[in-house]
Structures are given as structure tokens and as C-alpha cells.
Amino acid sequence: MRGLMQDWPLLCHKILDHAALHHGGREVVSRSVEGPIHRTTYSAIHSRARRVAKKLHANNFGIGQRGATLAWNTWRHMEVWYGLMGAGGVYHTLNPRLFPEQLAWIVNDAADRMLFVDLTFLPLVEKLRDQLKSVQRIVVLTDAAHMPDTPLDAEPYEEWLAADDDFAWCAVDENAAAGMCYTSGTTGNPKGVVYSHRSNVLHALAGNMPDMLGLASRDRLMPVVPMFHANCWALAYVAPLVGASLVMPGSKLDGASIYELLDQEQVTITAAVPTIWMMLLQHLQETGHELPHLERVVIGGAACPRSMIEIFESRYDVSVLHAWGMTEMSPIGTICTLKPELVDLMGDARLDVQEKQGHAPFTVEMRVTDDDGNELPRDGKTFGRLKVRGPAIARAYFGNEAEVLDEDGYFDTGDVAHIDAHGYMRVTDRSKDVIKSGGEWISSIELENLAMGHPGVAEAAVIGVHHMKWDERPLLIVVPKSEDAPTRETLLDYMRPQVAKWWVPDDVVFVDEIPHTATGKIQKTALREMFRDYRLPDG
Ligand code: AMP
């Protein structure tokens, strides 16, 4: 017997319909790429997204075709996302921080037909144009007044838009592709992750449940995480889904600019990788500014240092939501909110929980296994391969339908983790980064977090370097703060009482800068290359 409910497909653009109808007047504020602050509403974005879709249709942009964006977070980028999906197409966010050759490779791999580009990235596109074989039309996200001279055959967005919004969204299946994002891939070519309408809608609903992001219409959300990073952590869906106001930071992501928007636009919740928050906290420390409006900060994409959680919560009275996920998971996997049995914890015991990456929402099944696929106990200490299963988790990559799942249908995240009896997961490493010392594993992330707790450390990374006896031993690489810079000995003395003796790094090197990937993570491959021939004191 089948259920007798309506066949109402889960389509992403229905989220914008809902926002326009029920929260139409809610503000979307952006720092425009041209400079000034721009204000609009969901109702206006809905109308202009239909103008995008209408024009795409007139340009013979067909169902399932890809439209790439090379753009910052602004209202125009939102309109293009929803317009592309409403026209039956697929948005493909390009990460401008990738190497130009990699970008060209990705555009050709995805066979992008259209390219929507911000003024900032126009010179990059001019340089790459000859290599972008599939791109038939380039639209610059600006108006005629700001359109620069360019050898490209490109039109300004405001002139390109259809004159009216008389357009009915295309009817597509809920399992049709809606969006694409390539994984940053530290080795080999990047791989295309393809989201469906259904997966995006389910993911936004699940990721926003009360013990997860928990956004409401009263919130003012600033996604500092770029729309090109892992599907914008679902935020471009969650905000219109609940009718929360949006504050889009455009191209300026430095501490002062972020603070200015948090303050002037009275942002209540914001989200980004730890590097962004390091810059903000430094700015606050230098200026003495406070964060009176901000209630919650989502920190993910890389492990959030314990000291960062402590400063946000104790010094600025802002709750930290530590989050873990990956492009292949749409991306939310876990969020660290405190369940009732833990909510009364104080001090170090509370931070011990908050430092974990958190628990999974309904729709994310998560387990840890050994190398043979046997499930390991949920005891908060036995770590192994972290595997996930669910409706918004990739089963294959673009261009190769072969499934990348284990025999139980789980996707191996490539992370090493443990899960405790309350369901809280803790990433101890990437499987590629874990340090293997005398057959035992040492967590590079745990050592990094520990070093970051020293007041004189601006950033820390730990890699395994070759050791004659132990195979690998940890090397701590530190960017010192200009004031209070620690020495090798003061740093190791600080760490010694806090970790097992054999985990203490064998050496410390001080550097001016630690290399980062295009999505703001520490680039361990580059560090391993830099320190390939490093000789440890007794190595
Ligand atoms: P990406 O697909 O580029 O977003 O990268 C996903 C990977 O980032 C994950 O598999 C983790 O290795 C890492 N990651 C994301 N969030 C966290 C976190 N909160 N703590 C530790 N690692 C994280």
C-alpha cells in the first residue's frame, strides 16, 4: 500500500518562493564589490532570480546545463544561484583561490556554458579565456556604469537581466542536479560533487534543526564562508528557508571589515573557518571593540582551537558552534551544541566537549571502523576511519558514476575520529596526516590545538617527519605573535604537562607564515615538502 500524500517535489527554488511569500520584506544587505553597502529584500531577489531564469531561457540555456560563478557573497550571487536552478540548470561555484590552470580544468570538466564573474576576477578570466572551451557567454556581476574595458565578449549583469520576471520556474525532478562544487583535492585532479534539489532541501532542513544551526526569522545571518566553499555550508538555503535576514560580506574579509558589518548590521549569527576568526579576534584585541549583537559563531572547515572557543565565550559572550563537514556531505556532518546531559558542564569539562566536532543531525549516519570495516566502540577514545551515510552525501563524482562507497553503503571521509557514548565525534586527524610513531598514532590536530593555546602562538601546524628509530616524529611549526613570542623550550614546557610524554614534538621551528589551501586549511602537503629533509635533534 502506498501513502496518499501529495507529490510535492523538494526543489531548491521553492525555498526562495517561500521566503518571498512569507518573509518578502526581510533585508538582504551586501557589501557590494563596487564598494557601497547595498540593501534589498527576499521579495526583490525572488523577482530578479526569475529575470535571471527568463534570460537564461532566452539564451537557450537548457535543463541540466551548468552555469559557473566566480564571485563573492552578494545579493547578485544569490540571484544567479536561484535563477540557474529555477531555469532547470546547475550552479557551479568556482573557487577563485585555486591555481588558474586548475580553474580552467574544472570549468572544462564541468562543461560550464555560462560564466558569471565578479569585477575582482575579470582579469583572471581575461587571462584564461582561451582555455575555457565550453563557456559560451560571460556575464559580469555589475552594472553598465561600473563595467570596465575588457577584451572579453562580456555583458554587465544589470543590462543582461531580462526586462521582466514573467517566468514560471522549470519543472524538474527533485533528484535532478541543482549544484556542483569541486573538492579542493590535495592530490590528483579535483573531483566534482553534484548536489540534487532533494539533497539540498533535506540538508538545509536537517542542518537547521534546533540542536544544529537553529536559525529563526529573527536572526541576522552573515555567511563569511564564501558561497564557493562547500555549498556555502547550506546557509544560502537556510536563511531564506526560515526568513532570516542576510548580511553578505562581499570581497572584504579582513578583521576590520568583518567587525564593521557585525556591528553596524547587528548580525546575530555568523559562520567561517578559524583563520577568519583569528583575524577578527586580533582586530578586537587591538581596538578594544566588543560584540554586543553577536550571539553565535559557527566555526568549521578546520578544527577550532580550544583557546578560540574560550575567548569567544568568556571574553565576548558569543556561543561557539564547532562544526565539521565536507564538500561531499553538502557539507554539514556534525555540529557541537550541548545536549541536556552536558549543558551544565563548566570550565575545562565544558571545553573538552566543545572542542569536539559535535553530533550528527537526523539524515547523517556516522560510524568509525578499523581498516577491515569493523565498527569500533563508541567510547570516546578508540579512533579509526570515520564513515558516513545519508541522503545528502555523495555516492559518486561527476563524470564517473562508479560508486565510492564501502559494502555497507558508507562513504569514507578520509578523517580519523572517535565517537563518545553521547554521540559526540572528535576528528583526531586526516588519515593522510596522522603521525605514525613506533606503530602508534599521534594526532597532529590535538598537538596543534594545544600549541595554539599558548598566548604567544598566532598559528601552529604539526607534521610527521622521518625518524630513524620511530619512523615518524612530530615537528611543531609555529607562527609566533609579534609580542610574547615563545622560545622552543618555553613552548615545549607549556605542552609537556598536557600530553603523553611520547606525543611531545621533537622540535619546533618558527616561520613567518604557514601555507593554506584554497579553502583556508593548513596545507600539510606543502609543509611536508618544505620540511622533507628536516633533521630532528636525534633523528
Ligand atoms: P572540504 O571538503 O574542503 O570542506 O574539506 C573537508 C575536510 O575538512 C574534512 O574531511 C576534515 O578533514 C576537515 N574539517 C572540516 N571541518 C573540520 C573541523 N571542525 N575539525 C577538523 N577538521 C575539519
# chains A, B, ... in the order shown; residues from 1 in each chain; ligands from 1

$ residues_around --residues "Pro537 in chain A" --least-positions-apart "4" --cutoff "10 Å" --atoms "only C-alpha atoms" --output "list in words"
His467, Asp506 and Asp507 of chain A

$ residues_near_ligand --ligand "ligand 1" --cutoff "8 Å" --atoms "only C-alpha atoms and all ligand atoms" --output "NGL selection string"
:A and (183-185 or 229-230 or 299-304 or 322-329 or 331 or 356-357 or 413-415 or 426-430 or 445 or 519 or 521)

$ write_last_selection --atoms "C-alpha atoms" --output "mmCIF file, in the first residue's frame"
data_model
loop_
_atom_site.group_PDB
_atom_site.id
_atom_site.type_symbol
_atom_site.label_atom_id
_atom_site.label_comp_id
_atom_site.auth_asym_id
_atom_site.auth_seq_id
_atom_site.Cartn_x
_atom_site.Cartn_y
_atom_site.Cartn_z
ATOM 1 C CA THR A 183 36.688 19.233 -3.853
ATOM 2 C CA SER A 184 39.952 21.029 -3.260
ATOM 3 C CA GLY A 185 41.815 17.708 -3.679
ATOM 4 C CA HIS A 229 33.291 26.889 -0.216
ATOM 5 C CA ALA A 230 31.432 23.588 0.186
ATOM 6 C CA ILE A 299 33.419 27.647 13.241
ATOM 7 C CA GLY A 300 34.265 24.799 10.894
ATOM 8 C CA GLY A 301 36.205 23.678 7.850
ATOM 9 C CA ALA A 302 39.194 23.032 10.135
ATOM 10 C CA ALA A 303 39.497 22.194 13.810
ATOM 11 C CA CYS A 304 38.545 25.088 16.057
ATOM 12 C CA HIS A 322 32.009 23.994 16.289
ATOM 13 C CA ALA A 323 31.045 22.266 13.042
ATOM 14 C CA TRP A 324 32.504 19.536 10.889
ATOM 15 C CA GLY A 325 31.663 18.518 7.361
ATOM 16 C CA MET A 326 32.965 18.176 3.867
ATOM 17 C CA THR A 327 32.071 19.132 0.308
ATOM 18 C CA GLU A 328 30.857 15.577 -0.316
ATOM 19 C CA MET A 329 28.405 15.915 2.619
ATOM 20 C CA PRO A 331 28.586 19.763 3.751
ATOM 21 C CA LYS A 356 34.830 18.011 19.718
ATOM 22 C CA GLN A 357 33.252 18.421 16.307
ATOM 23 C CA THR A 413 35.528 10.666 4.854
ATOM 24 C CA GLY A 414 39.310 10.275 4.980
ATOM 25 C CA ASP A 415 39.158 11.597 8.552
ATOM 26 C CA ARG A 426 36.114 14.131 17.563
ATOM 27 C CA VAL A 427 38.347 14.374 14.499
ATOM 28 C CA THR A 428 41.840 13.374 15.531
ATOM 29 C CA ASP A 429 43.359 13.700 12.075
ATOM 30 C CA ARG A 430 43.109 13.350 8.337
ATOM 31 C CA ILE A 445 45.321 18.248 15.268
ATOM 32 C CA THR A 519 39.615 26.803 1.414
ATOM 33 C CA LYS A 521 43.043 24.823 5.663
#

$ residues_around --residues "Ala49 in chain A" --least-positions-apart "6" --cutoff "6 Å" --atoms "only C-alpha atoms" --output "ChimeraX atom specification"
/A:79,82-83

$ write_last_selection --atoms "N, CA, C and O atoms" --output "mmCIF file, in the first residue's frame"
data_model
loop_
_atom_site.group_PDB
_atom_site.id
_atom_site.type_symbol
_atom_site.label_atom_id
_atom_site.label_comp_id
_atom_site.auth_asym_id
_atom_site.auth_seq_id
_atom_site.Cartn_x
_atom_site.Cartn_y
_atom_site.Cartn_z
ATOM 1 N N GLU A 79 20.986 35.676 -6.482
ATOM 2 C CA GLU A 79 20.018 35.701 -7.592
ATOM 3 C C GLU A 79 20.434 34.723 -8.688
ATOM 4 O O GLU A 79 19.608 34.007 -9.251
ATOM 5 N N TYR A 82 19.818 30.971 -7.590
ATOM 6 C CA TYR A 82 18.417 30.556 -7.658
ATOM 7 C C TYR A 82 17.887 30.636 -9.096
ATOM 8 O O TYR A 82 17.094 29.800 -9.513
ATOM 9 N N GLY A 83 18.359 31.638 -9.848
ATOM 10 C CA GLY A 83 17.932 31.757 -11.246
ATOM 11 C C GLY A 83 18.370 30.551 -12.062
ATOM 12 O O GLY A 83 17.605 29.996 -12.858
#

$ closest_residue --among "A:Val404, A:Ala518, A:Ile269, A:Leu450" --to "Val193 in chain A" --atoms "only C-alpha atoms"
A:Val404

$ residues_around --residues "range 20-28 of chain A" --least-positions-apart "5" --cutoff "8 Å" --atoms "only C-alpha atoms" --output "short mmCIF file (atom, residue, chain, number, x, y, z; two decimals) with all heavy atoms, in the first residue's frame"
data_model
loop_
_atom_site.label_atom_id
_atom_site.label_comp_id
_atom_site.auth_asym_id
_atom_site.auth_seq_id
_atom_site.Cartn_x
_atom_site.Cartn_y
_atom_site.Cartn_z
N ARG A 39 21.27 47.36 -0.20
CA ARG A 39 20.16 46.75 0.56
C ARG A 39 19.06 46.30 -0.36
O ARG A 39 18.64 47.03 -1.25
CB ARG A 39 19.58 47.77 1.56
CG ARG A 39 20.57 48.11 2.63
CD ARG A 39 20.05 49.13 3.62
NE ARG A 39 21.15 49.42 4.52
CZ ARG A 39 21.45 48.69 5.58
NH1 ARG A 39 20.71 47.67 5.93
NH2 ARG A 39 22.50 48.99 6.32
N THR A 40 18.60 45.06 -0.15
CA THR A 40 17.46 44.57 -0.92
C THR A 40 16.65 43.66 -0.01
O THR A 40 16.87 43.61 1.20
CB THR A 40 17.94 43.88 -2.22
OG1 THR A 40 16.79 43.50 -2.98
CG2 THR A 40 18.78 42.65 -1.96
N THR A 41 15.67 42.93 -0.61
CA THR A 41 14.80 42.05 0.19
C THR A 41 14.66 40.71 -0.54
O THR A 41 14.99 40.59 -1.72
CB THR A 41 13.39 42.65 0.31
OG1 THR A 41 12.87 42.78 -1.03
CG2 THR A 41 13.40 44.00 1.01
N TYR A 42 14.12 39.72 0.20
CA TYR A 42 13.87 38.42 -0.45
C TYR A 42 12.88 38.58 -1.59
O TYR A 42 12.98 37.90 -2.61
CB TYR A 42 13.34 37.41 0.57
CG TYR A 42 14.43 36.82 1.43
CD1 TYR A 42 14.34 36.82 2.81
CD2 TYR A 42 15.57 36.26 0.84
CE1 TYR A 42 15.35 36.28 3.59
CE2 TYR A 42 16.59 35.73 1.62
CZ TYR A 42 16.47 35.74 2.99
OH TYR A 42 17.48 35.21 3.75
N SER A 43 11.93 39.46 -1.44
CA SER A 43 10.93 39.65 -2.48
C SER A 43 11.62 40.13 -3.78
O SER A 43 11.35 39.62 -4.87
CB SER A 43 9.91 40.67 -1.96
OG SER A 43 9.09 41.05 -2.97
N ALA A 44 12.52 41.10 -3.65
CA ALA A 44 13.22 41.63 -4.83
C ALA A 44 14.16 40.58 -5.41
O ALA A 44 14.27 40.43 -6.64
CB ALA A 44 13.99 42.89 -4.45
N HIS A 46 13.79 37.38 -5.30
CA HIS A 46 12.94 36.40 -5.96
C HIS A 46 12.57 36.88 -7.37
O HIS A 46 12.68 36.14 -8.35
CB HIS A 46 11.68 36.22 -5.10
CG HIS A 46 10.71 35.23 -5.61
ND1 HIS A 46 9.47 35.56 -6.11
CD2 HIS A 46 10.80 33.88 -5.73
CE1 HIS A 46 8.83 34.47 -6.47
NE2 HIS A 46 9.62 33.43 -6.27
N TRP A 75 24.18 39.81 -2.99
CA TRP A 75 22.80 39.54 -3.41
C TRP A 75 22.75 39.05 -4.86
O TRP A 75 21.94 38.19 -5.19
CB TRP A 75 21.95 40.80 -3.21
CG TRP A 75 22.09 41.85 -4.29
CD1 TRP A 75 21.21 42.11 -5.29
CD2 TRP A 75 23.18 42.77 -4.50
NE1 TRP A 75 21.66 43.13 -6.10
CE2 TRP A 75 22.87 43.55 -5.63
CE3 TRP A 75 24.38 43.02 -3.83
CZ2 TRP A 75 23.71 44.56 -6.12
CZ3 TRP A 75 25.23 44.02 -4.32
CH2 TRP A 75 24.89 44.76 -5.44
N GLY A 243 13.52 32.58 6.67
CA GLY A 243 13.27 34.02 6.59
C GLY A 243 14.20 34.85 7.45
O GLY A 243 13.83 35.94 7.90
N ALA A 244 15.42 34.34 7.68
CA ALA A 244 16.40 35.15 8.43
C ALA A 244 16.99 36.21 7.49
O ALA A 244 17.17 35.95 6.30
CB ALA A 244 17.51 34.25 8.95
N SER A 245 17.31 37.37 8.04
CA SER A 245 17.98 38.40 7.23
C SER A 245 19.39 37.92 6.89
O SER A 245 19.99 37.18 7.66
CB SER A 245 18.12 39.69 8.02
OG SER A 245 16.89 40.32 8.11
N LEU A 246 19.88 38.39 5.76
CA LEU A 246 21.23 38.01 5.34
C LEU A 246 22.11 39.24 5.28
O LEU A 246 21.67 40.30 4.81
CB LEU A 246 21.18 37.40 3.94
CG LEU A 246 21.08 35.89 3.81
CD1 LEU A 246 20.96 35.52 2.33
CD2 LEU A 246 22.30 35.19 4.42
N VAL A 247 23.35 39.08 5.71
CA VAL A 247 24.35 40.14 5.55
C VAL A 247 25.51 39.50 4.80
O VAL A 247 26.14 38.57 5.29
CB VAL A 247 24.81 40.68 6.93
CG1 VAL A 247 25.85 41.77 6.74
CG2 VAL A 247 23.62 41.19 7.73
N MET A 248 25.75 39.97 3.58
CA MET A 248 26.74 39.34 2.71
C MET A 248 28.00 40.21 2.68
O MET A 248 27.93 41.39 2.31
CB MET A 248 26.16 39.18 1.30
CG MET A 248 24.87 38.38 1.27
SD MET A 248 25.20 36.67 1.72
CE MET A 248 24.90 35.86 0.16
#

$ select_by_dssp --residues "range 461-537 of chain A" --states "alpha helix (DSSP H)" --output "list in words"
Arg488, Glu489, Thr490, Leu491, Leu492, Asp493, Tyr494, Met495, Lys524, Thr525, Ala526, Leu527, Arg528, Glu529 and Met530 of chain A

$ write_last_selection --atoms "N, CA and C atoms" --output "CSV table (one decimal), in the first residue's frame"
chain,number,residue,atom,x,y,z
A,488,ARG,N,61.6,27.8,21.8
A,488,ARG,CA,61.4,26.4,21.6
A,488,ARG,C,61.1,25.8,23.0
A,489,GLU,N,61.9,26.1,24.0
A,489,GLU,CA,61.8,25.5,25.3
A,489,GLU,C,60.5,25.9,26.0
A,490,THR,N,60.2,27.2,26.0
A,490,THR,CA,59.0,27.6,26.7
A,490,THR,C,57.8,27.0,26.1
A,491,LEU,N,57.8,26.8,24.8
A,491,LEU,CA,56.6,26.2,24.2
A,491,LEU,C,56.5,24.7,24.5
A,492,LEU,N,57.6,24.0,24.5
A,492,LEU,CA,57.6,22.6,24.8
A,492,LEU,C,57.2,22.4,26.3
A,493,ASP,N,57.8,23.3,27.2
A,493,ASP,CA,57.5,23.2,28.6
A,493,ASP,C,56.0,23.4,28.8
A,494,TYR,N,55.4,24.3,28.0
A,494,TYR,CA,54.0,24.5,28.2
A,494,TYR,C,53.1,23.3,27.8
A,495,MET,N,53.6,22.6,26.7
A,495,MET,CA,52.9,21.5,26.2
A,495,MET,C,53.0,20.2,27.1
A,524,LYS,N,49.1,20.8,4.6
A,524,LYS,CA,50.1,19.9,5.1
A,524,LYS,C,51.0,19.3,4.0
A,525,THR,N,50.5,19.1,2.8
A,525,THR,CA,51.4,18.6,1.8
A,525,THR,C,52.5,19.5,1.5
A,526,ALA,N,52.2,20.9,1.5
A,526,ALA,CA,53.3,21.8,1.2
A,526,ALA,C,54.3,21.9,2.4
A,527,LEU,N,53.8,21.7,3.6
A,527,LEU,CA,54.7,21.7,4.8
A,527,LEU,C,55.6,20.5,4.8
A,528,ARG,N,55.0,19.4,4.4
A,528,ARG,CA,55.8,18.1,4.4
A,528,ARG,C,56.9,18.3,3.3
A,529,GLU,N,56.5,18.9,2.2
A,529,GLU,CA,57.5,19.1,1.2
A,529,GLU,C,58.6,20.1,1.7
A,530,MET,N,58.2,21.2,2.3
A,530,MET,CA,59.2,22.1,2.8
A,530,MET,C,60.2,21.5,3.8

$ residues_around --residues "range 108-116 of chain A" --least-positions-apart "3" --cutoff "7 Å" --atoms "only C-alpha atoms" --output "ChimeraX atom specification"
/A:65-70,104-105,132-141

$ atom_distance --atom1 "CA of Asp372 in chain A" --atom2 "CA of Tyr410 in chain A"
13.3 Å

$ residues_around --residues "range 163-173 of chain A" --least-positions-apart "6" --cutoff "10 Å" --atoms "only C-alpha atoms" --output "ChimeraX atom specification"
/A:9-11,13-14,46-55,57,63-64,82-89,196-198

$ closest_residue --among "A:Pro455, A:Pro497, A:Pro505, A:Pro377" --to "Ile477 in chain A" --atoms "only C-alpha atoms"
A:Pro505
